[in-house]
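Contents: one structure, followed by commentary.
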Amino acid sequence: MSRPTRIAFIGNSLPRQCGIATFTGDLAQALLDAAEPVQTSIVAVTDANQNYTYPRDVIFEIREDEVEDYMTAARVLNEGRFDVVSLQHEFGIFGGDAGEHILALLENLRIPLVTTCHTILAEPTPSQHRVLQKVAAHSSRVVVMAEKGRTLLTEVYGVAPQKIEVITHGIPDRPFHDPDLAKIGRGYDGRPVILTFGLLSPNKGIEVVIDAMPSILKQTPEALYIVLGATHPTLLRQQGEAYRDSLRQRTERLGVDHAVQFLNRFVDLPTLLDFIAMCDVYVTPYLDEAQMTSGTLSYSFGMGSAVVSTPYWHACDLLGNDRGVLVPFGDAPATAKAIATLLGDDEARMAMRKGAYEAGRAMIWSHVATLYLDCMAKARTAYRPKLVSDLISLRIKRPPQQAALKLGHLHTMCDDTGIIQHAVFSVPDRSHGYCVDDNARALLLSSLLSAAGETGIADRMTASFAAFVEHAWNPDTDRFRNFMSYDRRWLEDEGSEDSHGRTLWALGACALSDTDAPRRRWASALFARAMSATLDFRSPRAWAFTLLGLNDYCAANPQDSRARMLRIRLAENLMDLEQGVSKGGRRWFEAGLSYENARLSQALIITGLSTKVAAFVETGVATLEWLMTQQTGDKGHFRPVGTDGFFEVGQSPKPFDQQPVEATATVAACLAAHEATLDKRWIEAAHMAFDWFTGSNDHGVSLVDTETGSCRDGLHADRPNENRGAESVLCYLISCVELGRVNQMLRPVMPRVGARQVS
């Protein structure tokens with residue numbers, strides 16, 4: 001058997017007393033009863049200062065006014081392996097201006113979304129217009145319950161017509177009934193019954209029917225008007241039973257209190273259906289046309305009741321072609337005439353009932369469930385995972401990139417020892433000597449060029465980078481040293497965990513891709529000696545760099561079981577970090593951000609692809625999506641996390657100083673995400689990050705010299721950093737190679753001139 005489709009609902013849930021809670025429960029049950037295997041769960045929205053004993057299928061409770069709950073709900077849904085989410089949208093059930101808090105959930109949701117709109121206003125406030133537009137934009141499909149809803153969504157809110165589905169409100173499948181038989185034993189035998197059902201509130205128009213009762217009673221003295229339903233909980237909290245009491249007083253003043261019965265309770269579905277079955281005329285006297293759907297109207301109409309209603313949108317849609325009677329809003333005489341006429345004409349009333357019942361067969365829940373399942377399948381097919389932010393489409397136009405890789409400045413920075421760490425402007429700064437970090441990056445660049453089939457770095461230079469790494473290895477500590485003075489004196493016995501991990505990364509790449517076979521064997525041997533130290537490391541970046549190296553090393557040495565085990569161990573370390581730190585809509589590994597952040601995501605993605613562990617890939621992509629929201633400027637350009645804000649817990653990233661290493665890490669991570677998802681928007685994101693080098697940045701200045709290949713060291717708050725050290729040039733060149741290789745792979749193959757094309 002195939003895996004059941006897992007559907008999560010967002011909305012109200014019983015025992016909360018409201019129509020949307022009833023609808024959510026009924027639709028969920030209908031889907032469970034469908035032929036297709038389905039599992040359903042509910043994320044319930046709880047109104048302020050209320051507590052409900054929810055059933056077991058409620059997996060999370062959102063407190064209406066707590067934005068953090070909405071963000072946490074998105075996390076719960078994303079991690080719950082749901083196939084589709086069904087949102088019941090009504091402005092009033094979510095917190096914030098016009099219910100805008102729901103957007104915090106939707107912006108972080110990574111599951112196909114089908115939204116059912118229970119209210120669509122023809123004249124929304126600016127906030128209502130904005131919120132519903134954004135809800136629709138996040139939705140793969142939008143469901144309305146009447147054609148009027150489709151018209152309003154397209155004309156007022158600008159929703160694409162192809163995104164909209166019209167699916168009626170569902171109804172129970174009950175046989176056509178005889179009201180006289182249904183009355184037996186309930187105390188209503190022999191009395192013509194008029195019924196209105198629903199939560200009591202002033203917009204329902206109950207007073208209009210009460211005002212009509214004197215005229216109705218003149219023609220049908222035994223008529224009884226039943227008002228069934230509890231007072232709306234919000235109204236009850238604000239005013240108590242003042243509105244219900246005013247209606248009672250109205251019946252007394254008009255002398256019809258004997259003919260109007262108030263049943264103040266929230267009834268279950270079987271009880272409601274029994275009341276509908278015994279009514280002779282059902283009345284919905286709403287005072288406002290902007291009622292897109294009414295569950296009570298759907299139930300009574302579909303069961304074959306004779307209906308008198310005001311012409312709100314849903315009623316107009318259902319009651320045409322003599323399937324009901326429409327009367328003007330607030331018009332008691334017209335209401336009285338319509339009800340009295342139906343009560344006095346059994347033949348006309350029966351004809352209307354049969355027409356309604358026949359039309360209602362298309363509304364039974366089993367049919368509606370089939371339509372929803374089809375709609376959800378379309379949503380899943382049309383769904384494209386969110387990349388980061390719609391701002392990418394607004395980014396600064398990309399300047400043309402240089403086709404040829406320029407290595408002049410790289411050569412300038414190198415000598416027989418290796419690559420010098422810093423520069424003053426473009427002049428190598430010998431006072432700061434060398435470091436294994438930069439020589440490892442240089443060895444990595446050489447390996448990337450080899451893997452891409454490119455030339456440029458002389459073998460002598462590659463050999464010097466490798467020699468520096470070899471000399472950096474300290475067998476007494478089983479660690480790599482990092483810093484060396486210009487006179488070739490090591491300044492420490494062991495370097496940082498991060499520099500050790502970065503060196504392993506370069507060795508892994510060399511072991512797989514170097515053009516010199518003996519050097520590949522050297523790299524594999526040194527990697528095997530040095531990798532065990534990472535078991536005791538605590539730095540997430542050291543783990544990530546090592547994982548990047550392990551990806552290549554394991555490909556070159558598939559027989560090394562220790563390396564395979566280490567790869568899983570380090571990836572699980574990152575997973576544990578993310579699970580322990582992520583909260584709400586924030587998906588990250590640490591409480592703060594610092595440098596080369598995207599490498600953490602990249603490491604999990606490529607490890608997941610190589611080991612076929614889907615959870616690694618999912619977490620890598622999800623964390624990268626979140627990171628990109630932190631690294632996108634207001635004009636859609638890449639804005640790396642500034643060094644001024646490294647490791648600040650709970651703070652927004654600082655914009656400066658910006659460094660090339662962030663752009664390079666992000667380019668590589670986005671390319672890995674594209675490999676995992678095949679979503680071309682990740683290619684756009686990679687270009688966006690690369691464009692930071694060439695001018696699409698906060699200062700609008702290019703950091704690179706296209707003639708020499710040099711790269712400035714970054715952006716200060718007021719100017720570029722004019723120094724052009726090893727890290728900067730290496731980062732720029734590495735990104736050129738990685739992005740250029742992918743662009744070449746994606747470029748369409750053109751037929752040779754004069755070649756015959758096969759059609």
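Every chain in the structure tokens takes a letter, A first, then B, and so on in the order presented; its residues are numbered from 1, and the ligands are numbered from 1 following the presented order.
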Checklist entry - Near Gly96 in chain A, counting only C-alpha atoms, which residues have an atom at most 12 Å away, once you skip same-chain residues fewer than 2 positions from it, shown as a PyMOL selection string? => result chain A and resi 48+63-67+70+91-94+98-104+127-128+131
Write the selection just made, keeping N, CA and C atoms, as a short mmCIF file (atom, residue, chain, number, x, y, z; two decimals), in the first residue's frame?
data_model
loop_
_atom_site.label_atom_id
_atom_site.label_comp_id
_atom_site.auth_asym_id
_atom_site.auth_seq_id
_atom_site.Cartn_x
_atom_site.Cartn_y
_atom_site.Cartn_z
N ALA A 48 -8.16 34.69 22.60
CA ALA A 48 -7.48 35.25 23.77
C ALA A 48 -8.12 34.82 25.08
N ARG A 63 -1.79 30.39 20.25
CA ARG A 63 -2.50 31.45 20.97
C ARG A 63 -2.63 32.64 20.01
N GLU A 64 -3.85 33.06 19.81
CA GLU A 64 -4.21 34.02 18.77
C GLU A 64 -3.26 35.22 18.67
N ASP A 65 -2.86 35.79 19.80
CA ASP A 65 -2.09 37.03 19.79
C ASP A 65 -0.58 36.83 19.95
N GLU A 66 -0.12 35.59 19.98
CA GLU A 66 1.30 35.32 20.21
C GLU A 66 1.99 35.00 18.88
N VAL A 67 2.72 35.97 18.34
CA VAL A 67 3.38 35.78 17.04
C VAL A 67 4.33 34.60 17.09
N TYR A 70 2.88 31.29 16.05
CA TYR A 70 2.71 31.06 14.61
C TYR A 70 4.02 30.56 14.00
N PHE A 91 -10.42 36.61 8.62
CA PHE A 91 -9.62 37.68 9.21
C PHE A 91 -9.66 37.67 10.74
N GLY A 92 -10.84 37.37 11.30
CA GLY A 92 -11.04 37.56 12.73
C GLY A 92 -10.46 36.49 13.63
N ILE A 93 -10.01 35.36 13.08
CA ILE A 93 -9.55 34.30 13.98
C ILE A 93 -8.05 34.35 14.25
N PHE A 94 -7.32 35.17 13.50
CA PHE A 94 -5.89 35.28 13.70
C PHE A 94 -5.56 36.63 14.34
N ALA A 98 -5.88 42.90 10.99
CA ALA A 98 -6.51 42.12 9.92
C ALA A 98 -6.01 40.67 9.90
N GLY A 99 -5.64 40.16 11.08
CA GLY A 99 -5.18 38.78 11.16
C GLY A 99 -3.82 38.55 10.56
N GLU A 100 -2.95 39.57 10.57
CA GLU A 100 -1.67 39.47 9.87
C GLU A 100 -0.69 38.51 10.52
N HIS A 101 -0.94 38.08 11.75
CA HIS A 101 -0.01 37.16 12.40
C HIS A 101 0.13 35.85 11.63
N ILE A 102 -0.91 35.47 10.90
CA ILE A 102 -0.83 34.21 10.16
C ILE A 102 0.29 34.26 9.12
N LEU A 103 0.67 35.46 8.69
CA LEU A 103 1.73 35.58 7.69
C LEU A 103 3.07 35.10 8.24
N ALA A 104 3.27 35.25 9.54
CA ALA A 104 4.52 34.77 10.15
C ALA A 104 4.64 33.26 9.99
N SER A 127 -5.35 47.12 5.19
CA SER A 127 -4.72 46.00 5.89
C SER A 127 -5.32 44.67 5.46
N GLN A 128 -6.64 44.62 5.35
CA GLN A 128 -7.29 43.39 4.91
C GLN A 128 -6.87 43.02 3.49
N VAL A 131 -3.22 41.68 3.64
CA VAL A 131 -3.09 40.37 4.26
C VAL A 131 -3.62 39.27 3.35
#
Next on the checklist: Would you pick out the contacts of range 723-739 of chain A at 6 Å or less, using only C-alpha atoms, so that residues sharing its chain but fewer than 6 positions from it are not included, and give the list as a ChimeraX atom specification?
Outcome noted: /A:421-426,438,445,660-661,664,710-713
Item to check | Shell of 9 Å around Phe266 in chain A, only C-alpha atoms, local chain residues under 6 positions omitted, as a list in words | outcome: Gln17, Gly198, Leu199, Leu228, Gly229, Ala230 and Thr231 of chain A
Checklist outcome for this item: For Glu155 in chain A, the closest of A:Ala223, A:Ala73, A:Ala122, A:Ile167 counting only C-alpha atoms is A:Ala122
Item to check | Nearby residues (only C-alpha atoms) at most 9 Å from Val281 in chain A, same-chain spacing under 5 positions excluded, as a PyMOL selection string | outcome: chain A and resi 192-195+305-308+339+342-343+349
With N, CA and C atoms retained, write the just-selected residues as a PDB file, in the first residue's frame.
ATOM      1  N   PRO A 192     -46.394  24.435  12.426  1.00  0.00           N
ATOM      2  CA  PRO A 192     -45.471  24.860  11.369  1.00  0.00           C
ATOM      3  C   PRO A 192     -44.232  25.502  12.016  1.00  0.00           C
ATOM      4  N   VAL A 193     -43.052  24.995  11.680  1.00  0.00           N
ATOM      5  CA  VAL A 193     -41.820  25.436  12.332  1.00  0.00           C
ATOM      6  C   VAL A 193     -40.966  26.255  11.364  1.00  0.00           C
ATOM      7  N   ILE A 194     -40.584  27.427  11.837  1.00  0.00           N
ATOM      8  CA  ILE A 194     -39.614  28.283  11.137  1.00  0.00           C
ATOM      9  C   ILE A 194     -38.327  28.202  11.954  1.00  0.00           C
ATOM     10  N   LEU A 195     -37.178  28.011  11.304  1.00  0.00           N
ATOM     11  CA  LEU A 195     -35.932  27.782  12.036  1.00  0.00           C
ATOM     12  C   LEU A 195     -34.834  28.713  11.547  1.00  0.00           C
ATOM     13  N   SER A 305     -34.619  21.732   2.626  1.00  0.00           N
ATOM     14  CA  SER A 305     -35.519  22.657   3.317  1.00  0.00           C
ATOM     15  C   SER A 305     -35.962  23.755   2.355  1.00  0.00           C
ATOM     16  N   ALA A 306     -37.167  24.279   2.597  1.00  0.00           N
ATOM     17  CA  ALA A 306     -37.597  25.495   1.899  1.00  0.00           C
ATOM     18  C   ALA A 306     -36.926  26.669   2.601  1.00  0.00           C
ATOM     19  N   VAL A 307     -36.178  27.494   1.855  1.00  0.00           N
ATOM     20  CA  VAL A 307     -35.344  28.526   2.463  1.00  0.00           C
ATOM     21  C   VAL A 307     -35.816  29.910   2.043  1.00  0.00           C
ATOM     22  N   VAL A 308     -35.906  30.797   3.047  1.00  0.00           N
ATOM     23  CA  VAL A 308     -36.109  32.224   2.814  1.00  0.00           C
ATOM     24  C   VAL A 308     -34.855  32.926   3.327  1.00  0.00           C
ATOM     25  N   ILE A 339     -42.426  33.995   4.031  1.00  0.00           N
ATOM     26  CA  ILE A 339     -42.591  32.851   4.933  1.00  0.00           C
ATOM     27  C   ILE A 339     -44.045  32.404   4.966  1.00  0.00           C
ATOM     28  N   LEU A 342     -45.087  30.490   1.788  1.00  0.00           N
ATOM     29  CA  LEU A 342     -44.596  29.123   1.750  1.00  0.00           C
ATOM     30  C   LEU A 342     -45.341  28.219   2.727  1.00  0.00           C
ATOM     31  N   LEU A 343     -45.604  28.728   3.935  1.00  0.00           N
ATOM     32  CA  LEU A 343     -46.325  27.921   4.918  1.00  0.00           C
ATOM     33  C   LEU A 343     -47.744  27.616   4.456  1.00  0.00           C
ATOM     34  N   ARG A 349     -44.155  24.652  -1.641  1.00  0.00           N
ATOM     35  CA  ARG A 349     -43.074  24.390  -0.689  1.00  0.00           C
ATOM     36  C   ARG A 349     -42.395  23.052  -0.995  1.00  0.00           C
TER      37      ARG A 349
END
Checklist entry - Residues at most 12 Å from range 215-217 of chain A, counting only C-alpha atoms, excluding those fewer than 2 positions away in the same chain, as a PyMOL selection string? => result chain A and resi 191-194+209-213+219-225+254-260+332-344
Extract, using only C-alpha atoms, all DNA, RNA and protein residues at most 6 Å from Cys510 in chain A, discarding same-chain residues fewer than 4 positions from it, and format them as a PDB file with N, CA, C and O atoms, in the first residue's frame.
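The file below, part22.pdb, is the result:
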ATOM      1  N   SER A 447      42.946  22.557  -6.835  1.00  0.00           N
ATOM      2  CA  SER A 447      42.193  21.313  -7.032  1.00  0.00           C
ATOM      3  C   SER A 447      40.896  21.568  -7.791  1.00  0.00           C
ATOM      4  O   SER A 447      40.490  20.766  -8.640  1.00  0.00           O
ATOM      5  N   ASP A 514      43.620  16.475  -7.723  1.00  0.00           N
ATOM      6  CA  ASP A 514      44.916  16.984  -8.169  1.00  0.00           C
ATOM      7  C   ASP A 514      45.392  16.218  -9.413  1.00  0.00           C
ATOM      8  O   ASP A 514      45.160  15.012  -9.554  1.00  0.00           O
ATOM      9  N   ARG A 520      48.212  13.251  -4.987  1.00  0.00           N
ATOM     10  CA  ARG A 520      46.902  12.767  -4.528  1.00  0.00           C
ATOM     11  C   ARG A 520      47.090  11.749  -3.399  1.00  0.00           C
ATOM     12  O   ARG A 520      46.355  11.770  -2.404  1.00  0.00           O
TER      13      ARG A 520
END
Next on the checklist: According to DSSP computed on the backbone, where in range 450-596 of chain A is there alpha helix (DSSP H)? Give the residues as a PyMOL selection string.
Outcome noted: chain A and resi 450-451+459-472+497-513+517-530+540-556+561-581
DSSP strand (DSSP E) residues within range 292-431 of chain A, listed as a tab-separated table (two decimals) with N, CA and C atoms, in the first residue's frame:
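Dumped everything to part26.tsv:
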chain	number	residue	atom	x	y	z
A	306	ALA	N	-37.17	24.28	2.60
A	306	ALA	CA	-37.60	25.49	1.90
A	306	ALA	C	-36.93	26.67	2.60
A	307	VAL	N	-36.18	27.49	1.85
A	307	VAL	CA	-35.34	28.53	2.46
A	307	VAL	C	-35.82	29.91	2.04
A	308	VAL	N	-35.91	30.80	3.05
A	308	VAL	CA	-36.11	32.22	2.81
A	308	VAL	C	-34.86	32.93	3.33
A	309	SER	N	-34.27	33.77	2.51
A	309	SER	CA	-33.00	34.38	2.88
A	309	SER	C	-32.88	35.78	2.32
A	325	VAL	N	-36.24	31.51	-1.73
A	325	VAL	CA	-36.85	32.83	-1.87
A	325	VAL	C	-35.89	33.86	-1.27
A	326	LEU	N	-35.58	34.91	-2.03
A	326	LEU	CA	-34.73	35.99	-1.56
A	326	LEU	C	-35.58	37.21	-1.24
A	420	ILE	N	51.39	34.64	0.73
A	420	ILE	CA	51.51	35.58	1.85
A	420	ILE	C	50.11	35.99	2.30
A	421	GLN	N	49.96	36.17	3.59
A	421	GLN	CA	48.64	36.33	4.19
A	421	GLN	C	47.97	37.65	3.83
A	422	HIS	N	48.66	38.78	3.96
A	422	HIS	CA	48.03	40.09	3.82
A	422	HIS	C	48.72	40.93	2.76
A	423	ALA	N	48.03	42.02	2.41
A	423	ALA	CA	48.60	42.98	1.45
A	423	ALA	C	48.28	44.38	1.91
A	424	VAL	N	49.14	45.33	1.54
A	424	VAL	CA	48.87	46.75	1.71
A	424	VAL	C	48.52	47.27	0.32
A	427	VAL	N	50.15	45.35	-2.57
A	427	VAL	CA	51.53	44.95	-2.31
A	427	VAL	C	51.56	43.93	-1.18
A	428	PRO	N	52.16	42.76	-1.38
A	428	PRO	CA	52.23	41.75	-0.31
A	428	PRO	C	52.86	42.33	0.96
A	429	ASP	N	52.23	42.04	2.09
A	429	ASP	CA	52.69	42.56	3.39
A	429	ASP	C	53.45	41.46	4.12
A	430	ARG	N	54.77	41.49	4.03
A	430	ARG	CA	55.59	40.43	4.59
A	430	ARG	C	55.57	40.41	6.12
A	431	SER	N	55.19	41.54	6.72
A	431	SER	CA	55.24	41.62	8.19
A	431	SER	C	54.27	40.65	8.85
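Proximity of A:Asp317, A:Asp416, A:Glu625, A:Glu470 to Glu289 in chain A, computed with only C-alpha atoms, is greatest for A:Asp317.
Proximity to Thr5 in chain A was assessed for A:Glu241, A:Leu604, A:Asn108, A:Arg380 counting only C-alpha atoms; the smallest distance is recorded for A:Arg380.
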Checklist entry - By how many Å are CA of Gly302 in chain A and CA of Gly170 in chain A apart? => result 8.9 Å
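The gap separating CA of Gln631 in chain A from CA of Thr619 in chain A is 18.2 Å, in Å to one decimal.
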Checklist entry - So how many Å separate CA of Trp626 in chain A and CA of Leu593 in chain A, to one decimal? => result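 Rounded to one decimal, the two atoms are 11.8 Å apart.
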